[in-house]
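Undergrad: File model.cif follows (mmCIF, C-alpha atoms):
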```cif
data_structure
#
loop_
_atom_site.label_atom_id
_atom_site.label_comp_id
_atom_site.auth_asym_id
_atom_site.auth_seq_id
_atom_site.Cartn_x
_atom_site.Cartn_y
_atom_site.Cartn_z
CA MET H 1 -8.45 3.98 -33.84
CA HIS H 2 -10.27 6.35 -31.52
CA THR H 3 -9.58 4.48 -28.27
CA TYR H 4 -8.45 7.48 -26.22
CA ALA H 5 -10.11 10.83 -25.57
CA ARG H 6 -6.87 12.65 -26.29
CA PHE H 7 -5.95 16.16 -25.23
CA PRO H 8 -5.28 18.64 -28.06
CA VAL H 9 -1.52 18.70 -27.61
CA VAL H 10 1.42 17.10 -29.42
CA PHE H 11 4.51 16.43 -27.30
CA GLU H 12 7.84 16.42 -29.09
CA ARG H 13 10.53 16.32 -26.43
CA GLY H 14 11.09 16.07 -22.71
CA GLU H 15 13.79 16.55 -20.12
CA GLY H 16 13.61 15.54 -16.49
CA CYS H 17 10.12 16.26 -15.15
CA TYR H 18 9.16 18.56 -18.02
CA LEU H 19 7.64 18.03 -21.46
CA GLU H 20 7.60 20.42 -24.41
CA ASP H 21 4.87 20.46 -27.03
CA SER H 22 5.02 21.20 -30.75
CA GLU H 23 4.47 24.91 -30.07
CA GLY H 24 7.34 25.14 -27.60
CA ARG H 25 5.25 25.28 -24.43
CA ARG H 26 6.62 23.52 -21.34
CA TYR H 27 4.59 21.41 -18.93
CA LEU H 28 5.46 20.01 -15.52
CA ASP H 29 4.70 16.31 -15.92
CA PHE H 30 2.95 14.74 -12.92
CA VAL H 31 1.54 11.95 -15.08
CA ALA H 32 4.87 10.39 -16.13
CA GLY H 33 3.30 8.23 -18.79
CA ILE H 34 0.78 7.13 -16.12
CA ALA H 35 3.39 6.15 -13.50
CA THR H 36 5.74 4.78 -16.16
CA CYS H 37 8.56 7.28 -16.72
CA ALA H 38 10.26 6.66 -13.39
CA LEU H 39 13.47 8.39 -14.52
CA GLY H 40 11.61 11.25 -16.13
CA HIS H 41 12.32 12.17 -19.74
CA ALA H 42 15.60 11.84 -21.65
CA HIS H 43 17.52 10.45 -18.69
CA PRO H 44 21.09 10.08 -19.93
CA VAL H 45 21.67 6.63 -18.42
CA LEU H 46 18.50 5.18 -19.91
CA GLY H 47 19.08 6.86 -23.26
CA ALA H 48 22.65 5.56 -23.46
CA ALA H 49 21.60 2.03 -22.54
CA ILE H 50 18.89 1.95 -25.21
CA ALA H 51 21.19 3.41 -27.88
CA GLU H 52 24.03 1.03 -27.11
CA GLN H 53 21.76 -2.00 -27.11
CA ALA H 54 20.10 -0.93 -30.36
CA ARG H 55 23.54 -0.85 -31.98
CA THR H 56 24.36 -4.31 -30.65
CA LEU H 57 21.34 -6.63 -30.54
CA ILE H 58 17.61 -5.90 -30.42
CA HIS H 59 15.86 -9.25 -30.77
CA VAL H 60 16.61 -12.95 -31.14
CA SER H 61 13.47 -14.58 -29.60
CA ASN H 62 13.27 -16.68 -26.47
CA LEU H 63 14.57 -19.76 -28.25
CA TYR H 64 17.94 -18.50 -27.00
CA TYR H 65 19.49 -16.96 -23.91
CA THR H 66 20.56 -13.32 -23.76
CA ARG H 67 22.74 -11.71 -21.11
CA GLN H 68 20.45 -8.72 -20.59
CA GLN H 69 17.42 -10.88 -19.82
CA GLY H 70 19.34 -12.97 -17.31
CA GLU H 71 20.81 -9.94 -15.58
CA LEU H 72 17.44 -8.21 -15.25
CA ALA H 73 15.83 -11.37 -13.90
CA ARG H 74 18.69 -11.70 -11.41
CA TRP H 75 18.24 -8.09 -10.22
CA LEU H 76 14.52 -8.60 -9.71
CA THR H 77 14.92 -11.86 -7.80
CA ASP H 78 17.83 -10.52 -5.72
CA ASN H 79 15.69 -7.55 -4.69
CA SER H 80 12.31 -9.20 -4.08
CA VAL H 81 10.68 -12.34 -2.72
CA ALA H 82 10.52 -13.87 -6.21
CA ASP H 83 12.74 -16.71 -7.42
CA GLN H 84 11.77 -16.77 -11.09
CA VAL H 85 10.60 -14.26 -13.70
CA PHE H 86 8.68 -14.43 -16.98
CA PHE H 87 9.09 -11.35 -19.17
CA CYS H 88 6.39 -9.95 -21.43
CA ASN H 89 5.48 -6.53 -22.84
CA SER H 90 2.87 -4.93 -20.56
CA GLY H 91 1.03 -5.07 -17.27
CA ALA H 92 -1.99 -6.69 -18.89
CA GLU H 93 0.22 -9.47 -20.26
CA ALA H 94 1.91 -9.93 -16.90
CA ASN H 95 -1.48 -10.29 -15.23
CA GLU H 96 -2.69 -12.59 -17.99
CA GLY H 97 0.30 -14.78 -17.25
CA ALA H 98 -0.48 -14.69 -13.54
CA ILE H 99 -4.05 -15.79 -14.25
CA LYS H 100 -2.83 -18.71 -16.36
CA LEU H 101 -0.31 -19.67 -13.69
CA ALA H 102 -3.01 -19.54 -11.00
CA ARG H 103 -5.32 -21.73 -13.07
CA LYS H 104 -2.57 -24.29 -13.61
CA TYR H 105 -1.91 -24.27 -9.86
CA GLY H 106 -5.60 -24.78 -9.20
CA ARG H 107 -5.88 -27.70 -11.60
CA THR H 108 -2.57 -29.49 -11.05
CA VAL H 109 -1.90 -28.79 -7.36
CA LEU H 110 -5.35 -28.34 -5.83
CA GLY H 111 -7.22 -30.63 -8.23
CA ILE H 112 -9.88 -28.05 -9.10
CA ALA H 113 -11.64 -28.72 -12.41
CA GLU H 114 -12.69 -25.08 -12.93
CA PRO H 115 -10.49 -22.83 -10.77
CA GLN H 116 -11.86 -19.51 -9.58
CA ILE H 117 -9.98 -16.27 -8.88
CA ILE H 118 -11.15 -13.53 -6.52
CA SER H 119 -10.42 -9.88 -7.34
CA THR H 120 -11.90 -6.65 -6.05
CA HIS H 121 -14.40 -3.99 -7.02
CA LEU H 122 -12.80 -0.87 -8.55
CA SER H 123 -9.66 -2.83 -9.40
CA PHE H 124 -7.83 -2.53 -12.69
CA HIS H 125 -5.74 -5.37 -14.13
CA GLY H 126 -5.63 -4.75 -17.87
CA ARG H 127 -7.50 -4.71 -21.17
CA THR H 128 -7.16 -8.28 -22.45
CA LEU H 129 -10.35 -10.30 -22.19
CA ALA H 130 -9.22 -12.17 -19.07
CA THR H 131 -7.73 -9.16 -17.31
CA VAL H 132 -10.70 -6.92 -18.10
CA THR H 133 -12.88 -9.63 -16.56
CA ALA H 134 -10.65 -9.63 -13.48
CA THR H 135 -11.02 -5.85 -13.39
CA GLY H 136 -13.87 -4.96 -11.05
CA GLN H 137 -15.24 -2.05 -13.06
CA PRO H 138 -18.18 -2.72 -15.42
CA LYS H 139 -17.40 0.39 -17.49
CA TYR H 140 -14.33 -1.37 -18.89
CA GLN H 141 -16.32 -4.52 -19.70
CA LYS H 142 -19.16 -2.89 -21.63
CA HIS H 143 -19.73 -4.43 -25.09
CA PHE H 144 -17.21 -7.24 -24.50
CA HIS H 145 -19.47 -9.96 -23.15
CA PRO H 146 -19.41 -12.90 -22.82
CA LEU H 147 -16.56 -12.38 -20.37
CA VAL H 148 -14.13 -15.05 -19.23
CA PRO H 149 -15.66 -17.29 -16.54
CA GLY H 150 -13.99 -17.96 -13.22
CA PHE H 151 -13.80 -14.54 -11.56
CA VAL H 152 -15.55 -13.19 -8.45
CA HIS H 153 -15.34 -9.60 -7.19
CA VAL H 154 -15.46 -8.39 -3.59
CA PRO H 155 -15.05 -4.97 -1.91
CA TYR H 156 -11.46 -3.80 -1.45
CA ASN H 157 -10.06 -3.92 2.10
CA ASP H 158 -13.03 -6.02 3.31
CA PHE H 159 -11.72 -9.33 4.62
CA ASP H 160 -15.07 -10.71 5.79
CA ALA H 161 -16.60 -10.09 2.36
CA LEU H 162 -13.68 -11.79 0.66
CA ARG H 163 -13.68 -14.80 2.97
CA ALA H 164 -17.41 -15.24 2.38
CA GLN H 165 -16.79 -15.70 -1.35
CA VAL H 166 -14.15 -18.40 -0.96
CA THR H 167 -15.27 -21.85 -2.10
CA ASP H 168 -13.60 -25.16 -2.87
CA ALA H 169 -12.99 -23.78 -6.36
CA THR H 170 -10.99 -20.73 -5.21
CA CYS H 171 -7.37 -20.97 -6.33
CA ALA H 172 -6.11 -17.39 -6.03
CA VAL H 173 -6.70 -13.79 -4.99
CA LEU H 174 -5.54 -11.11 -7.44
CA ILE H 175 -5.28 -7.70 -5.79
CA GLU H 176 -3.43 -4.35 -5.91
CA PRO H 177 -1.43 -3.06 -2.90
CA ILE H 178 -2.92 0.33 -3.79
CA GLN H 179 -5.81 0.64 -6.20
CA GLY H 180 -4.71 2.98 -8.97
CA GLU H 181 -7.54 3.38 -11.45
CA GLY H 182 -9.91 2.70 -8.56
CA GLY H 183 -9.12 6.09 -7.01
CA VAL H 184 -5.64 5.79 -5.42
CA MET H 185 -7.00 3.70 -2.55
CA PRO H 186 -4.23 2.35 -0.28
CA GLY H 187 -4.46 -1.19 0.96
CA ASP H 188 -5.25 -1.58 4.66
CA VAL H 189 -2.37 -3.26 6.51
CA ASP H 190 -4.65 -5.30 8.80
CA PHE H 191 -6.70 -6.50 5.83
CA PHE H 192 -3.65 -7.66 3.90
CA ARG H 193 -2.12 -9.44 6.89
CA LYS H 194 -5.36 -11.30 7.52
CA LEU H 195 -5.54 -12.10 3.82
CA ARG H 196 -1.98 -13.43 3.77
CA ARG H 197 -2.60 -15.75 6.73
CA PHE H 198 -5.89 -16.93 5.28
CA CYS H 199 -4.45 -17.65 1.84
CA SER H 200 -1.61 -19.64 3.40
CA GLU H 201 -4.02 -21.66 5.52
CA GLN H 202 -6.32 -22.39 2.57
CA ARG H 203 -3.49 -22.96 0.04
CA ILE H 204 -4.83 -20.07 -2.05
CA LEU H 205 -2.33 -18.11 -4.11
CA LEU H 206 -1.90 -14.46 -3.19
CA ILE H 207 -1.10 -12.51 -6.37
CA LEU H 208 -0.26 -8.83 -6.07
CA ASP H 209 -0.64 -6.56 -9.08
CA GLU H 210 2.37 -4.24 -8.65
CA VAL H 211 2.13 -2.84 -12.18
CA GLN H 212 1.62 0.70 -10.88
CA THR H 213 3.00 0.38 -7.33
CA GLY H 214 6.25 -1.45 -8.11
CA MET H 215 9.74 -0.09 -8.82
CA GLY H 216 9.81 2.45 -6.00
CA ARG H 217 6.63 4.38 -6.78
CA THR H 218 5.29 4.17 -3.20
CA GLY H 219 8.52 5.08 -1.41
CA LYS H 220 9.51 1.43 -1.06
CA LEU H 221 10.72 -0.75 -3.89
CA TRP H 222 7.53 -2.85 -3.79
CA GLY H 223 4.07 -1.96 -2.57
CA TYR H 224 3.86 -5.15 -0.52
CA GLU H 225 6.64 -3.86 1.75
CA HIS H 226 4.21 -1.32 3.23
CA LEU H 227 1.86 -4.16 4.13
CA GLY H 228 4.26 -6.41 5.99
CA ILE H 229 3.50 -9.44 3.82
CA GLU H 230 5.02 -11.50 1.02
CA PRO H 231 3.01 -12.40 -2.08
CA ASP H 232 3.33 -15.77 -3.78
CA ILE H 233 3.30 -14.07 -7.18
CA PHE H 234 3.47 -10.43 -8.24
CA THR H 235 3.36 -8.60 -11.55
CA LEU H 236 5.28 -5.61 -12.87
CA ALA H 237 5.35 -3.31 -15.90
CA LYS H 238 5.08 0.49 -16.29
CA ALA H 239 8.19 1.88 -14.52
CA LEU H 240 10.21 -1.31 -15.06
CA GLY H 241 11.34 -0.09 -18.49
CA GLY H 242 11.14 3.64 -17.79
CA GLY H 243 8.94 4.05 -20.87
CA VAL H 244 10.17 1.11 -22.96
CA PRO H 245 7.46 -1.59 -23.04
CA ILE H 246 8.23 -4.47 -20.69
CA GLY H 247 6.28 -6.47 -18.13
CA ALA H 248 7.23 -9.19 -15.69
CA LEU H 249 5.50 -12.05 -13.91
CA CYS H 250 7.49 -12.80 -10.75
CA ALA H 251 6.91 -15.90 -8.62
CA LYS H 252 8.33 -17.86 -5.75
CA ALA H 253 9.88 -21.12 -6.93
CA GLU H 254 7.21 -23.40 -5.45
CA PHE H 255 4.51 -21.62 -7.48
CA SER H 256 6.49 -21.26 -10.71
CA LEU H 257 4.73 -24.14 -12.49
CA PHE H 258 5.08 -23.20 -16.13
CA GLU H 259 6.79 -25.72 -18.40
CA PRO H 260 7.92 -25.37 -22.03
CA GLY H 261 4.84 -24.80 -24.15
CA ASP H 262 2.64 -23.47 -21.31
CA HIS H 263 3.24 -19.79 -21.99
CA ALA H 264 5.32 -17.57 -24.26
CA SER H 265 5.90 -14.09 -25.65
CA THR H 266 7.62 -13.32 -28.95
CA PHE H 267 8.97 -9.96 -27.84
CA GLY H 268 8.99 -10.60 -24.09
CA GLY H 269 12.32 -9.93 -22.44
CA ASN H 270 14.11 -8.95 -25.65
CA PRO H 271 17.60 -7.46 -25.23
CA LEU H 272 16.49 -3.87 -25.89
CA ALA H 273 13.68 -3.88 -23.32
CA CYS H 274 15.84 -5.67 -20.74
CA ALA H 275 18.73 -3.25 -21.27
CA ALA H 276 16.27 -0.45 -20.52
CA GLY H 277 15.00 -2.30 -17.47
CA LEU H 278 18.53 -2.83 -16.18
CA ALA H 279 19.29 0.85 -16.62
CA VAL H 280 16.18 1.75 -14.62
CA CYS H 281 17.03 -0.70 -11.82
CA GLN H 282 20.64 0.44 -11.59
CA THR H 283 19.63 4.11 -11.61
CA LEU H 284 17.10 3.54 -8.84
CA GLU H 285 20.03 2.37 -6.74
CA ALA H 286 22.70 4.81 -7.94
CA GLU H 287 20.51 7.90 -7.48
CA ALA H 288 18.65 6.66 -4.36
CA LEU H 289 15.35 7.23 -6.13
CA VAL H 290 13.27 4.99 -3.90
CA GLU H 291 14.30 7.14 -0.94
CA ASN H 292 13.60 10.24 -3.00
CA ALA H 293 10.12 8.89 -3.71
CA ARG H 294 9.59 8.47 0.02
CA VAL H 295 10.80 11.95 0.98
CA ARG H 296 9.20 13.79 -1.91
CA GLY H 297 6.08 11.69 -1.39
CA GLU H 298 5.84 12.94 2.17
CA GLN H 299 6.21 16.50 0.89
CA LEU H 300 3.52 15.96 -1.75
CA ALA H 301 1.16 14.28 0.71
CA ALA H 302 1.58 17.12 3.22
CA GLY H 303 0.89 19.70 0.53
CA LEU H 304 -2.21 17.88 -0.68
CA LYS H 305 -3.46 17.62 2.89
CA ARG H 306 -3.12 21.39 3.27
CA ILE H 307 -4.99 21.89 0.02
CA ALA H 308 -7.77 19.54 1.16
CA GLU H 309 -8.11 21.50 4.40
CA ARG H 310 -8.19 24.85 2.61
CA PHE H 311 -10.69 23.79 -0.06
CA GLY H 312 -13.05 21.71 2.04
CA SER H 313 -16.00 22.67 -0.15
CA LEU H 314 -14.26 21.14 -3.17
CA VAL H 315 -11.98 18.45 -1.73
CA ARG H 316 -12.94 15.60 0.59
CA LEU H 317 -9.44 14.30 1.37
CA SER H 318 -6.09 13.26 -0.01
CA ARG H 319 -4.60 9.77 0.13
CA GLY H 320 -1.83 7.60 -1.22
CA ARG H 321 1.70 6.40 -0.53
CA GLY H 322 4.96 7.86 -1.75
CA LEU H 323 4.69 9.41 -5.19
CA MET H 324 1.31 7.81 -5.83
CA GLN H 325 -1.13 10.35 -4.45
CA GLY H 326 -4.77 11.18 -5.06
CA LEU H 327 -6.89 14.22 -4.31
CA VAL H 328 -10.48 13.12 -3.72
CA LEU H 329 -13.04 15.73 -4.77
CA VAL H 330 -16.53 16.17 -3.33
CA ALA H 331 -18.04 15.94 -6.81
CA PRO H 332 -17.11 14.22 -10.10
CA ARG H 333 -14.94 17.06 -11.36
CA ALA H 334 -11.56 15.37 -11.76
CA ALA H 335 -11.57 15.80 -15.54
CA GLU H 336 -12.26 19.52 -15.12
CA VAL H 337 -9.37 19.95 -12.68
CA VAL H 338 -7.04 18.01 -14.98
CA ARG H 339 -8.00 20.20 -17.95
CA LEU H 340 -7.59 23.48 -16.04
CA ALA H 341 -4.25 22.37 -14.61
CA MET H 342 -3.05 21.53 -18.11
CA ASP H 343 -3.96 25.05 -19.20
CA GLU H 344 -1.61 26.27 -16.45
CA GLY H 345 1.25 23.98 -17.49
CA LEU H 346 0.74 21.07 -15.09
CA LEU H 347 -0.09 17.58 -16.31
CA LEU H 348 -2.32 15.51 -14.02
CA VAL H 349 -4.46 12.42 -14.61
CA SER H 350 -7.77 11.35 -13.16
CA ALA H 351 -8.40 8.06 -11.36
CA GLY H 352 -12.15 7.85 -11.73
CA PRO H 353 -14.50 10.84 -11.91
CA GLU H 354 -13.77 12.18 -8.42
CA VAL H 355 -10.02 11.60 -7.95
CA VAL H 356 -7.12 13.61 -9.34
CA ARG H 357 -4.01 11.44 -9.44
CA LEU H 358 -0.44 12.73 -9.06
CA VAL H 359 2.31 10.30 -10.10
CA PRO H 360 5.42 12.33 -11.03
CA PRO H 361 8.75 10.81 -12.06
CA LEU H 362 10.77 9.44 -9.15
CA ILE H 363 13.48 12.02 -9.90
CA VAL H 364 11.14 14.87 -8.96
CA SER H 365 12.68 17.61 -6.81
CA ALA H 366 11.32 19.56 -3.84
CA ILE H 367 11.07 22.68 -6.03
CA GLU H 368 9.01 20.80 -8.61
CA ILE H 369 6.68 19.42 -5.93
CA ASP H 370 6.10 22.95 -4.67
CA GLU H 371 5.52 24.20 -8.21
CA ALA H 372 2.90 21.53 -8.86
CA LEU H 373 1.14 22.21 -5.57
CA ALA H 374 1.05 25.94 -6.27
CA ILE H 375 -0.50 25.40 -9.71
CA LEU H 376 -3.05 22.95 -8.34
CA GLU H 377 -3.97 25.32 -5.52
CA GLY H 378 -4.44 28.14 -8.01
CA VAL H 379 -6.71 25.96 -10.16
CA LEU H 380 -8.89 25.04 -7.19
CA ALA H 381 -9.05 28.67 -6.08
CA ARG H 382 -10.61 29.56 -9.42
CA LEU H 383 -12.96 26.57 -9.55
CA PRO H 384 -16.60 27.47 -8.86
CA VAL H 385 -17.92 25.71 -5.78
CA THR H 386 -21.42 25.26 -7.18
CA VAL H 387 -21.67 22.39 -9.64
CA THR H 388 -24.07 23.25 -12.44
CA ALA H 389 -26.15 20.59 -14.12
#
```
Please re-express this file's structure in structure tokens.
TA:
Amino acid sequence: MHTYARFPVVFERGEGCYLEDSEGRRYLDFVAGIATCALGHAHPVLGAAIAEQARTLIHVSNLYYTRQQGELARWLTDNSVADQVFFCNSGAEANEGAIKLARKYGRTVLGIAEPQIISTHLSFHGRTLATVTATGQPKYQKHFHPLVPGFVHVPYNDFDALRAQVTDATCAVLIEPIQGEGGVMPGDVDFFRKLRRFCSEQRILLILDEVQTGMGRTGKLWGYEHLGIEPDIFTLAKALGGGVPIGALCAKAEFSLFEPGDHASTFGGNPLACAAGLAVCQTLEAEALVENARVRGEQLAAGLKRIAERFGSLVRLSRGRGLMQGLVLVAPRAAEVVRLAMDEGLLLVSAGPEVVRLVPPLIVSAIEIDEALAILEGVLARLPVTVTA
């Protein structure tokens, strides 16, 4: 079905931070499957883990235990504030699970008949009916009404606006540490610390959507580490499997209220996906990729800042954390910049009409950062300043 406005290119193979299309042309990939291919393309450790698991055991269903699922859950809980994990197949499913868990908390712990969840304008939480309702962008909701009741949206980073929307029915806040689709907007530390204290005082769950920010993307393993807080629940996907579909709902023990029959996923946490996830986690450690994301992120941020200063008539500013960076344009020309950069062999992705997003693999080198910046600078140098109607 025609659900994507696809670019006229067919990719056939990749290696490291580069992709090759069906005509043999190479591209420097600063999209990484939209912040998914943390280890780049054809990483030998990930490839070997997938191949070995495929030869051994792919699927048995969650009626039974598997070693790979247990080991991945153990790694996630050992390296985060979570105590328990539910595995699924995507970020939308992870957030859907978080919404269900929050509603059960609201009903069974707080005694709320119709629990309400607060999320933010310009957020993005998925494409299922519940998660698209939680998403604070009407363009994603068009044609899909009636939406799921029980959601309220407030401005991002605005504590007073959020507090004003809290009622006796509020059971949770669902929010991103950095808004991705909303324009690579970093969370304000003061806002999140106030929010954490307030949620604790009011017994409101704080749920962080780490689908795009988790697994080292921001230069720390989790986005919440930049904010000096701990969530009650957080969700993962994208980079967790390095390109193999897997999502995770992670919760502290006191908020892990699901019982047999409450929630399930046929494919969730199958041995193949979990073997991939384990390979990603172990490689993050073995190759110090979170630190690489921090250092290379600083290099990328500095380069984007220089570009913003040079092209002030085209660029308002740059922002982000680690290897999740955005270049904010003065006009809605992100799609144009992405297209022109692709013509020059650099893959970028927009985050709204005015923001060009750069989310390369976490293995990216200093040379590759410089190459991307040079291509982007060349594109902007050739971009007409006057926007024609």
Undergrad: Rounded to one decimal, what separation in Å do you get between atom CA of H:Leu347 and atom CA of H:Tyr4?
TA: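 These atoms are spaced 16.4 Å apart.
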Undergrad: Could you list, as a PyMOL selection string, every residue matched by the PyMOL selection byres ((chain H and resi 43-57) around 12) in this structure?
TA: chain H and resi 13-18+37-42+58-61+66-68+240-244+270-284+286-287+361-363
Undergrad: Taking only C-alpha atoms into account, name the residue in H:Gly33, H:Pro186, H:Gly378, H:Pro177 that is nearest to H:Leu340.
TA: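 So, comparing all the options, the nearest one is H:Gly378.
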Undergrad: Got a sec to resolve the PyMOL selection byres ((chain H and resi 324) around 8) on this structure and send the residues as a PyMOL selection string?
TA: chain H and resi 184+213+217-218+297+320-323+325-326+357-359
Undergrad: Kindly export the residues of the current selection with C-alpha atoms, as a PDB file, keeping the file's coordinate frame.
TA:
```pdb
ATOM      1  CA  VAL H 184      -5.640   5.790  -5.420  1.00  0.00           C
ATOM      2  CA  THR H 213       3.000   0.380  -7.330  1.00  0.00           C
ATOM      3  CA  ARG H 217       6.630   4.380  -6.780  1.00  0.00           C
ATOM      4  CA  THR H 218       5.290   4.170  -3.200  1.00  0.00           C
ATOM      5  CA  GLY H 297       6.080  11.690  -1.390  1.00  0.00           C
ATOM      6  CA  GLY H 320      -1.830   7.600  -1.220  1.00  0.00           C
ATOM      7  CA  ARG H 321       1.700   6.400  -0.530  1.00  0.00           C
ATOM      8  CA  GLY H 322       4.960   7.860  -1.750  1.00  0.00           C
ATOM      9  CA  LEU H 323       4.690   9.410  -5.190  1.00  0.00           C
ATOM     10  CA  GLN H 325      -1.130  10.350  -4.450  1.00  0.00           C
ATOM     11  CA  GLY H 326      -4.770  11.180  -5.060  1.00  0.00           C
ATOM     12  CA  ARG H 357      -4.010  11.440  -9.440  1.00  0.00           C
ATOM     13  CA  LEU H 358      -0.440  12.730  -9.060  1.00  0.00           C
ATOM     14  CA  VAL H 359       2.310  10.300 -10.100  1.00  0.00           C
TER      15      VAL H 359
END
```
Undergrad: Apply the PyMOL selection byres ((chain H and resi 195-200) around 10) to the file shown and report the selected residues as a ChimeraX atom specification.
TA: /H:157-160,162-163,171-173,189-194,201-206,228-232
Undergrad: H:Glu377, H:His145, H:Gly216, H:Glu176: which is nearest H:Glu309, counting all atoms listed in the file?
TA: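 Of H:Glu377, H:His145, H:Gly216, H:Glu176, the one nearest H:Glu309, counting all atoms listed in the file, is H:Glu377.
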Undergrad: Could you pull the residues within 12 Å of H:Ala161, counting only C-alpha atoms, minus those fewer than 3 positions along the same chain, as a PyMOL selection string?
TA: chain H and resi 118-121+152-158+164-166+191+195
Undergrad: To one decimal in Å, tell me the separation between atom CA of H:Gln69 and atom CA of H:Ser265.
TA: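 Computing the Euclidean distance for atom CA of H:Gln69 and atom CA of H:Ser265 yields 13.3 Å.
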Undergrad: I'd like to know which of H:Met185, H:Ala293, H:Ala331, H:Leu227 is closest to H:Arg319, using only C-alpha atoms.
TA: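 Answer, going by the shortest atom-to-atom distance: H:Met185.
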Undergrad: What's the 12 Å shell around H:Ala381, counting only C-alpha atoms, without same-chain residues fewer than 4 positions away, as number ranges by chain?
TA: H: 307-308, 310-315, 337, 340-341, 374-377, 385
Undergrad: Let me make sure I understand: among H:Ala82, H:Ala113, H:Leu373, H:Leu147, which one has the smallest atom-to-atom distance to H:Gly303 if we use all atoms listed in the file?
TA: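 Counting all atoms listed in the file, the residue closest to H:Gly303 is H:Leu373.
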